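Text of structure.cif (mmCIF, C-alpha atoms) as supplied:
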```cif
data_my_file
#
loop_
_atom_site.label_atom_id
_atom_site.label_comp_id
_atom_site.auth_asym_id
_atom_site.auth_seq_id
_atom_site.Cartn_x
_atom_site.Cartn_y
_atom_site.Cartn_z
CA MET M 13 222.01 189.92 127.58
CA ARG M 14 221.32 190.58 131.26
CA ILE M 15 218.41 192.87 132.26
CA PHE M 16 217.79 194.22 135.76
CA SER M 17 215.45 196.72 137.36
CA GLY M 18 213.99 197.32 140.80
CA ILE M 19 210.99 199.11 142.22
CA GLN M 20 210.09 200.16 145.77
CA PRO M 21 207.07 198.53 147.41
CA THR M 22 206.00 201.66 149.30
CA GLY M 23 203.52 204.18 147.95
CA ASP M 24 200.48 203.54 145.78
CA LYS M 25 201.55 202.78 142.23
CA HIS M 26 200.31 205.13 139.56
CA PHE M 27 200.19 205.53 135.80
CA GLY M 28 203.71 206.96 135.75
CA ASN M 29 205.03 203.76 137.37
CA TYR M 30 203.27 201.74 134.70
CA SER M 31 204.54 203.91 131.86
CA GLY M 32 208.17 204.16 132.93
CA GLY M 33 208.47 200.76 134.62
CA PHE M 34 205.90 197.99 134.47
CA ARG M 35 205.25 198.00 130.73
CA GLN M 36 208.99 198.07 130.01
CA TYR M 37 209.58 195.13 132.31
CA ALA M 38 206.99 192.99 130.54
CA ALA M 39 208.35 193.88 127.10
CA MET M 40 212.04 193.46 127.91
CA GLN M 41 211.76 190.08 129.61
CA GLU M 42 211.68 188.62 126.10
CA GLU M 43 215.07 190.12 125.20
CA GLY M 44 217.38 188.25 127.55
CA GLU M 45 217.96 186.98 131.08
CA ALA M 46 215.76 189.25 133.17
CA PHE M 47 215.86 190.06 136.90
CA PHE M 48 213.25 192.24 138.59
CA CYS M 49 213.63 193.12 142.24
CA VAL M 50 211.18 194.45 144.84
CA VAL M 51 213.64 196.78 146.59
CA ASP M 52 212.22 196.74 150.11
CA LEU M 53 215.52 197.86 151.69
CA HIS M 54 215.25 201.14 149.82
CA SER M 55 211.94 201.73 151.58
CA ILE M 56 213.42 201.90 155.09
CA THR M 57 215.14 205.26 154.53
CA THR M 58 211.97 206.83 155.94
CA ALA M 59 209.82 205.79 158.91
CA TYR M 60 207.90 202.58 158.17
CA ASN M 61 205.75 199.89 159.75
CA PRO M 62 207.31 196.43 159.29
CA GLN M 63 203.97 194.66 158.83
CA ASP M 64 202.81 197.22 156.28
CA LEU M 65 206.09 196.85 154.40
CA ARG M 66 205.73 193.07 154.26
CA GLU M 67 202.20 193.38 152.89
CA SER M 68 203.10 196.05 150.36
CA THR M 69 206.00 193.88 149.17
CA LEU M 70 203.58 191.07 148.35
CA ASP M 71 201.15 193.55 146.81
CA LEU M 72 203.86 194.86 144.49
CA ALA M 73 204.90 191.34 143.51
CA ALA M 74 201.29 190.66 142.56
CA MET M 75 201.15 193.85 140.53
CA LEU M 76 204.34 192.93 138.67
CA PHE M 77 202.76 189.64 137.64
CA ALA M 78 199.43 191.33 136.84
CA THR M 79 201.16 193.80 134.49
CA GLY M 80 202.79 191.04 132.48
CA LEU M 81 205.89 189.64 134.16
CA ASP M 82 206.06 185.91 133.60
CA PRO M 83 207.88 183.94 136.34
CA GLU M 84 208.76 181.34 133.71
CA ARG M 85 210.78 183.96 131.83
CA SER M 86 211.92 186.35 134.57
CA THR M 87 213.45 186.03 138.01
CA VAL M 88 211.38 188.10 140.41
CA PHE M 89 212.72 188.43 143.94
CA VAL M 90 212.79 190.52 147.10
CA GLN M 91 215.93 192.56 147.74
CA SER M 92 216.19 191.77 151.45
CA HIS M 93 216.13 188.03 150.69
CA VAL M 94 219.57 188.34 149.07
CA SER M 95 222.12 189.56 151.61
CA ALA M 96 224.65 190.29 148.88
CA HIS M 97 222.80 193.52 148.06
CA PRO M 98 223.57 195.46 151.28
CA GLU M 99 227.01 193.79 151.48
CA ALA M 100 227.91 195.00 147.99
CA ALA M 101 226.56 198.46 148.80
CA TRP M 102 229.03 198.74 151.69
CA LEU M 103 231.92 197.63 149.48
CA LEU M 104 230.96 200.01 146.67
CA GLY M 105 230.66 202.83 149.19
CA GLY M 106 234.45 202.82 149.17
CA VAL M 107 234.48 204.10 145.59
CA ALA M 108 231.40 206.33 145.72
CA SER M 109 232.05 210.06 145.87
CA TYR M 110 230.57 212.11 148.72
CA GLY M 111 230.29 215.06 146.34
CA GLN M 112 228.33 213.08 143.77
CA LEU M 113 225.92 211.76 146.38
CA GLY M 114 225.32 215.28 147.66
CA ARG M 115 224.41 216.44 144.16
CA MET M 116 221.70 213.84 143.64
CA THR M 117 218.55 215.76 142.75
CA GLN M 118 216.17 213.29 144.39
CA PHE M 119 218.14 213.43 147.65
CA LYS M 120 218.00 217.20 147.73
CA ASP M 121 214.28 217.27 146.91
CA LYS M 122 213.35 214.68 149.53
CA ALA M 123 215.66 216.14 152.18
CA ASP M 124 214.03 219.55 151.76
CA ARG M 125 210.63 218.03 152.58
CA GLN M 126 211.72 216.13 155.70
CA GLU M 127 212.58 217.30 159.19
CA PHE M 128 214.65 214.16 159.86
CA VAL M 129 216.96 213.14 157.01
CA ALA M 130 218.28 209.60 157.40
CA ALA M 131 221.84 208.78 156.38
CA GLY M 132 220.32 205.96 154.33
CA LEU M 133 218.58 208.51 152.13
CA PHE M 134 221.98 209.99 151.32
CA THR M 135 223.61 206.62 150.52
CA TYR M 136 220.51 205.26 148.77
CA PRO M 137 222.11 205.56 145.28
CA VAL M 138 225.02 203.31 146.33
CA LEU M 139 222.59 200.53 147.23
CA MET M 140 220.88 201.09 143.89
CA ALA M 141 224.25 200.75 142.17
CA ALA M 142 224.89 197.52 144.06
CA ASP M 143 221.50 196.15 142.98
CA ILE M 144 222.40 196.69 139.34
CA LEU M 145 226.10 195.85 139.32
CA LEU M 146 225.75 192.58 141.25
CA TYR M 147 224.10 190.98 138.24
CA GLN M 148 226.56 192.22 135.60
CA THR M 149 223.63 194.03 134.06
CA ASP M 150 223.67 195.11 130.43
CA LEU M 151 220.36 196.99 130.30
CA VAL M 152 218.29 198.75 132.97
CA PRO M 153 214.68 199.62 132.04
CA ILE M 154 213.89 202.78 134.02
CA GLY M 155 211.98 206.01 133.84
CA ASP M 156 213.49 209.33 132.88
CA ASP M 157 213.68 210.43 136.54
CA GLN M 158 216.28 207.74 137.28
CA LYS M 159 218.87 208.84 134.71
CA GLN M 160 221.05 210.57 137.29
CA HIS M 161 221.15 207.47 139.49
CA LEU M 162 222.16 205.27 136.56
CA GLU M 163 224.92 207.72 135.61
CA LEU M 164 226.23 207.47 139.17
CA THR M 165 226.09 203.67 138.95
CA ARG M 166 228.24 203.78 135.83
CA ASP M 167 230.70 206.16 137.52
CA ILE M 168 230.99 203.84 140.53
CA ALA M 169 231.61 200.82 138.29
CA ALA M 170 234.19 202.69 136.21
CA ARG M 171 236.03 203.90 139.32
CA PHE M 172 236.05 200.39 140.79
CA ASN M 173 237.40 198.96 137.53
CA SER M 174 240.07 201.66 137.34
CA ARG M 175 241.33 200.87 140.83
CA TYR M 176 240.99 197.10 140.95
CA GLY M 177 240.86 195.84 137.37
CA GLU M 178 238.03 195.18 134.96
CA THR M 179 235.36 193.56 137.10
CA LEU M 180 232.00 195.27 136.68
CA LYS M 181 229.95 195.91 133.56
CA LEU M 182 228.86 199.47 132.85
CA PRO M 183 225.09 199.17 132.34
CA GLU M 184 223.06 201.13 129.82
CA GLY M 185 219.62 202.60 130.48
CA ARG M 186 216.53 201.82 128.44
CA TYR M 187 213.97 204.62 128.52
CA PRO M 188 210.55 204.62 126.85
CA GLU M 189 210.41 206.70 123.68
CA THR M 190 207.04 207.99 124.87
CA GLY M 191 205.91 208.28 128.47
CA ALA M 192 209.34 208.21 130.11
CA ARG M 193 208.10 210.88 132.54
CA ILE M 194 204.35 211.23 133.07
CA MET M 195 203.40 214.54 134.64
CA ASP M 196 200.80 215.49 137.25
CA LEU M 197 197.41 216.15 135.67
CA GLN M 198 196.84 219.24 137.83
CA GLU M 199 200.40 220.57 137.82
CA PRO M 200 201.95 219.38 134.54
CA GLU M 201 205.29 220.99 135.34
CA ARG M 202 205.78 218.33 138.06
CA LYS M 203 206.02 214.58 137.56
CA MET M 204 203.15 212.35 138.65
CA SER M 205 203.87 211.13 142.17
CA THR M 206 202.06 209.90 145.27
CA THR M 207 204.41 211.92 147.50
CA GLY M 208 205.28 215.05 145.54
CA GLY M 209 202.21 215.36 143.33
CA THR M 210 198.56 216.27 143.82
CA PRO M 211 195.93 213.61 144.70
CA GLN M 212 193.62 214.77 141.90
CA GLY M 213 196.50 214.85 139.42
CA THR M 214 197.77 211.33 140.16
CA VAL M 215 196.03 208.41 138.44
CA LEU M 216 196.52 205.37 140.65
CA ILE M 217 196.48 201.90 139.14
CA ALA M 218 194.06 201.00 141.95
CA ASP M 219 191.64 203.85 141.15
CA PRO M 220 188.17 202.65 140.14
CA PRO M 221 187.07 203.62 136.61
CA GLU M 222 184.83 206.50 137.71
CA ILE M 223 187.73 208.09 139.62
CA VAL M 224 190.09 207.68 136.66
CA ARG M 225 187.56 209.35 134.39
CA LYS M 226 187.05 212.23 136.82
CA LYS M 227 190.78 212.85 137.21
CA VAL M 228 191.51 212.80 133.49
CA ARG M 229 188.53 214.95 132.53
CA SER M 230 189.52 217.55 135.13
CA ALA M 231 193.14 217.63 133.95
CA VAL M 232 194.61 221.11 133.50
CA THR M 233 194.86 222.07 129.84
CA ASP M 234 196.22 225.10 128.04
CA SER M 235 195.01 228.16 126.21
CA GLY M 236 193.49 227.49 122.84
CA SER M 237 191.71 224.35 121.73
CA ASP M 238 194.15 222.55 119.42
CA VAL M 239 195.39 219.11 120.46
CA ARG M 240 199.07 219.56 119.72
CA TYR M 241 202.25 218.13 121.26
CA ASP M 242 204.41 220.97 122.54
CA PRO M 243 205.69 220.41 126.10
CA GLY M 244 207.06 223.93 126.34
CA ASP M 245 203.93 225.79 125.25
CA LYS M 246 201.22 223.20 125.96
CA PRO M 247 202.42 220.99 128.85
CA GLY M 248 198.96 219.84 129.91
CA ILE M 249 197.81 218.65 126.50
CA SER M 250 201.26 217.24 125.71
CA ASN M 251 201.08 215.15 128.88
CA LEU M 252 197.63 213.84 127.95
CA LEU M 253 198.91 212.95 124.48
CA GLU M 254 201.73 210.92 126.04
CA ILE M 255 199.26 209.17 128.34
CA MET M 256 196.97 208.39 125.40
CA SER M 257 199.91 207.07 123.38
CA VAL M 258 201.00 204.79 126.23
CA ALA M 259 197.46 203.53 126.81
CA THR M 260 196.68 202.80 123.15
CA GLY M 261 200.08 202.17 121.58
CA GLU M 262 199.40 204.80 118.92
CA ALA M 263 202.04 207.33 117.93
CA ILE M 264 201.53 210.93 119.04
CA PRO M 265 201.48 212.38 115.47
CA LYS M 266 198.65 210.01 114.60
CA LEU M 267 196.72 211.15 117.69
CA GLU M 268 197.32 214.81 116.82
CA SER M 269 195.90 214.19 113.35
CA ARG M 270 192.85 212.37 114.68
CA TYR M 271 191.88 215.12 117.13
CA ASP M 272 192.81 218.04 114.89
CA GLY M 273 190.06 220.63 115.29
CA GLY M 274 188.07 218.48 117.71
CA GLY M 275 188.67 220.47 120.88
CA TYR M 276 189.76 219.39 124.32
CA GLY M 277 186.50 217.87 125.58
CA PRO M 278 186.21 214.84 123.30
CA PHE M 279 189.95 214.28 123.50
CA LYS M 280 190.01 214.17 127.31
CA THR M 281 187.01 211.84 127.34
CA ASP M 282 188.80 209.43 124.99
CA VAL M 283 192.01 209.62 127.05
CA ALA M 284 190.03 208.70 130.16
CA GLU M 285 188.40 205.71 128.45
CA ALA M 286 191.76 204.51 127.08
CA VAL M 287 193.32 204.62 130.55
CA VAL M 288 190.35 202.79 132.08
CA ALA M 289 190.59 200.08 129.42
CA LEU M 290 194.32 199.67 130.06
CA LEU M 291 194.11 199.50 133.85
CA ASP M 292 190.96 197.41 134.23
CA PRO M 293 192.56 193.97 133.55
CA ILE M 294 195.38 194.84 135.98
CA ARG M 295 193.00 195.97 138.70
CA THR M 296 190.53 193.08 138.43
CA PRO M 297 191.59 189.58 139.58
CA PRO M 298 190.68 186.69 137.26
CA SER M 299 187.35 185.00 137.94
CA SER M 300 188.55 181.50 137.14
CA SER M 301 187.90 179.14 140.04
CA ALA M 302 190.50 176.76 138.69
CA CYS M 303 193.23 179.17 139.76
CA SER M 304 195.66 178.15 137.02
CA PRO M 305 199.33 179.22 137.05
CA ARG M 306 198.48 181.87 134.46
CA ALA M 307 195.66 183.16 136.67
CA ARG M 308 197.96 183.30 139.68
CA ARG M 309 200.44 185.36 137.69
CA ARG M 310 197.70 187.77 136.73
CA LEU M 311 196.35 188.26 140.25
CA ALA M 312 196.07 191.95 141.02
CA PRO M 313 196.93 193.02 144.58
CA LEU M 314 193.91 195.22 145.02
CA ARG M 315 191.68 192.60 146.63
CA ARG M 316 193.67 191.27 149.55
CA ARG M 317 192.88 187.57 149.57
CA ARG M 318 195.82 186.37 151.64
CA SER M 319 193.95 183.24 152.73
CA SER M 320 192.73 182.28 149.28
CA ARG M 321 193.88 179.12 147.61
CA CYS M 322 195.26 181.20 144.73
CA THR M 323 197.53 183.60 146.53
CA SER M 324 198.77 181.29 149.27
CA GLU M 325 200.52 179.12 146.69
CA TRP M 326 202.76 181.85 145.34
CA ALA M 327 202.94 184.54 148.02
CA SER M 328 205.64 182.83 150.09
CA PRO M 329 209.25 183.12 148.89
CA ALA M 330 210.14 180.29 146.54
CA PRO M 331 213.59 179.15 145.40
CA ARG M 332 213.17 181.14 142.19
CA LEU M 333 212.79 184.32 144.24
CA SER M 334 216.44 184.19 145.39
CA PRO M 335 218.75 184.29 142.34
CA VAL M 336 221.93 184.06 144.43
CA ARG M 337 223.62 181.80 141.91
CA ASN M 338 223.23 184.43 139.21
CA ARG M 339 225.04 187.27 140.93
CA ILE M 340 228.79 187.83 140.81
CA PRO M 341 230.60 186.44 143.87
CA LEU M 342 231.40 189.16 146.39
CA SER M 343 234.93 187.79 146.70
CA ILE M 344 235.61 189.46 143.34
CA LEU M 345 235.02 192.82 144.99
CA LEU M 346 237.37 192.15 147.93
#
```
Output the file's structure as structure tokens, nothing else.
Amino acid sequence: MRIFSGIQPTGDKHFGNYSGGFRQYAAMQEEGEAFFCVVDLHSITTAYNPQDLRESTLDLAAMLFATGLDPERSTVFVQSHVSAHPEAAWLLGGVASYGQLGRMTQFKDKADRQEFVAAGLFTYPVLMAADILLYQTDLVPIGDDQKQHLELTRDIAARFNSRYGETLKLPEGRYPETGARIMDLQEPERKMSTTGGTPQGTVLIADPPEIVRKKVRSAVTDSGSDVRYDPGDKPGISNLLEIMSVATGEAIPKLESRYDGGGYGPFKTDVAEAVVALLDPIRTPPSSSACSPRARRRLAPLRRRRSSRCTSEWASPAPRLSPVRNRIPLSILL
């Protein structure tokens, strides 16, 4: 089975990224041949600084390893290092519908917030489809907010196959049963985001423990005092229950039973401590001076040690970071 997913290197990564992406990547790499891509080309649809983008690309690679990706099991690479990605996007643009692209919710939301709307923002989903389809992907681990893009990818593949013969696999999405869409702690009707959310409602993976505790304890709750999962009536508490379930691995019904009658205060305190315990090993680089391969894989990007003996060994692109031999030949698409 072939697994593929990609994540942009821009923007500070937050608990929602961990819940919908990072933890799935680490778990699914055991299920088959896994490819995980730092999609830096997707990041140039808005104004950017090239040096910052290069640094954030390395930072994200470090975070992928720190959250559990094993380079001995998974192929981790940078999108721009494989020219077949933009080439395939141009070819697949011939079977992508203008109407479908215009209906993409994320395009409409982002376009409404920008004075200058790049054409690349409009065609972004075609490049995402190329990323996935190039590797004859069976499963795509993604968050709930990417469902529409995956549906478009399947439509593009089906249309290509209808016109030119069976060539591309139609991938399936894998979404977390719990925590597929983590919401903003201050505005629980909106997803957690570094661009569309609130600073106080977004728990960053890089946040120090005292900041995490402050954000979680100040999370908006609901009327009443019962800790009960009901997204329609109690969105704030329901979101905290999902966060607690992701951080501890415990099922939501078990958490509801534990905090039955206990009130919001103790519950929010425990959620905060669970999140701190989860993020701390990711945030803190290993102290081993030996700098073993395992330690290098666990290096968090939050202490920029570009000149260190540890990071210099793995930060530069290695042959394993360019899985060109594993993609379908573009001649099939011509």
Expand the PyMOL selection byres ((chain M and resi 216-231) around 6) into the explicit residue set it covers here, and present it as a PDB file with C-alpha atoms, in the coordinates of the input.
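Done, and the output landed in result23.pdb:
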```
ATOM      1  CA  LYS M  25     201.550 202.780 142.230  1.00  0.00           C
ATOM      2  CA  HIS M  26     200.310 205.130 139.560  1.00  0.00           C
ATOM      3  CA  LEU M 197     197.410 216.150 135.670  1.00  0.00           C
ATOM      4  CA  GLN M 198     196.840 219.240 137.830  1.00  0.00           C
ATOM      5  CA  GLN M 212     193.620 214.770 141.900  1.00  0.00           C
ATOM      6  CA  VAL M 215     196.030 208.410 138.440  1.00  0.00           C
ATOM      7  CA  VAL M 232     194.610 221.110 133.500  1.00  0.00           C
ATOM      8  CA  LYS M 280     190.010 214.170 127.310  1.00  0.00           C
ATOM      9  CA  ALA M 284     190.030 208.700 130.160  1.00  0.00           C
ATOM     10  CA  VAL M 288     190.350 202.790 132.080  1.00  0.00           C
TER      11      VAL M 288
END
```
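Using all atoms listed in the file for every distance, the candidate list M:Ala170, M:Val258, M:Ile264, M:Val138 yields M:Val258 as the residue closest to M:Gly28.
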From M:Ala38, M:Lys203, M:Val88, M:Thr135, residue lying nearest M:Tyr110 [only C-alpha atoms]: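 Among the listed residues, the smallest separation from M:Tyr110 belongs to M:Thr135.
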Translate the PyMOL selection byres ((chain M and resi 289-293) around 8), as applied to the file shown, into an explicit residue set as a ChimeraX atom specification. /M:217,221,259-260,285-288,294-297
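Picture a line from atom CA of M:Phe16 to atom CA of M:Val129; it runs 28.5 Å.
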Explicit residues for the PyMOL selection byres ((chain M and resi 196) around 8) (as a PyMOL selection string): chain M and resi 194-195+197-205+209-210+213-214
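The shell of residues at most 12 Å from M:Pro98, with all atoms listed in the file counted and near chain neighbours (fewer than 6 positions) removed, consists of Val51, Asp52, Leu53, His54, Gln91, Ser92, Leu104, Gly105, Gly132, Thr135, Tyr136, Pro137, Val138, Leu139, Met140, Ala141, Ala142, Asp143, Leu146 and Leu342 of chain M.
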Residues from the last selection, C-alpha atoms, saved as a short mmCIF file (atom, residue, chain, number, x, y, z; two decimals), in the coordinates of the input:
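Writing the result to again_36.cif gives the following:
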```
data_model
loop_
_atom_site.label_atom_id
_atom_site.label_comp_id
_atom_site.auth_asym_id
_atom_site.auth_seq_id
_atom_site.Cartn_x
_atom_site.Cartn_y
_atom_site.Cartn_z
CA VAL M 51 213.64 196.78 146.59
CA ASP M 52 212.22 196.74 150.11
CA LEU M 53 215.52 197.86 151.69
CA HIS M 54 215.25 201.14 149.82
CA GLN M 91 215.93 192.56 147.74
CA SER M 92 216.19 191.77 151.45
CA LEU M 104 230.96 200.01 146.67
CA GLY M 105 230.66 202.83 149.19
CA GLY M 132 220.32 205.96 154.33
CA THR M 135 223.61 206.62 150.52
CA TYR M 136 220.51 205.26 148.77
CA PRO M 137 222.11 205.56 145.28
CA VAL M 138 225.02 203.31 146.33
CA LEU M 139 222.59 200.53 147.23
CA MET M 140 220.88 201.09 143.89
CA ALA M 141 224.25 200.75 142.17
CA ALA M 142 224.89 197.52 144.06
CA ASP M 143 221.50 196.15 142.98
CA LEU M 146 225.75 192.58 141.25
CA LEU M 342 231.40 189.16 146.39
#
```
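Interatomic distance, atom CA of M:Gly23 to atom CA of M:Thr206: 6.5 Å.
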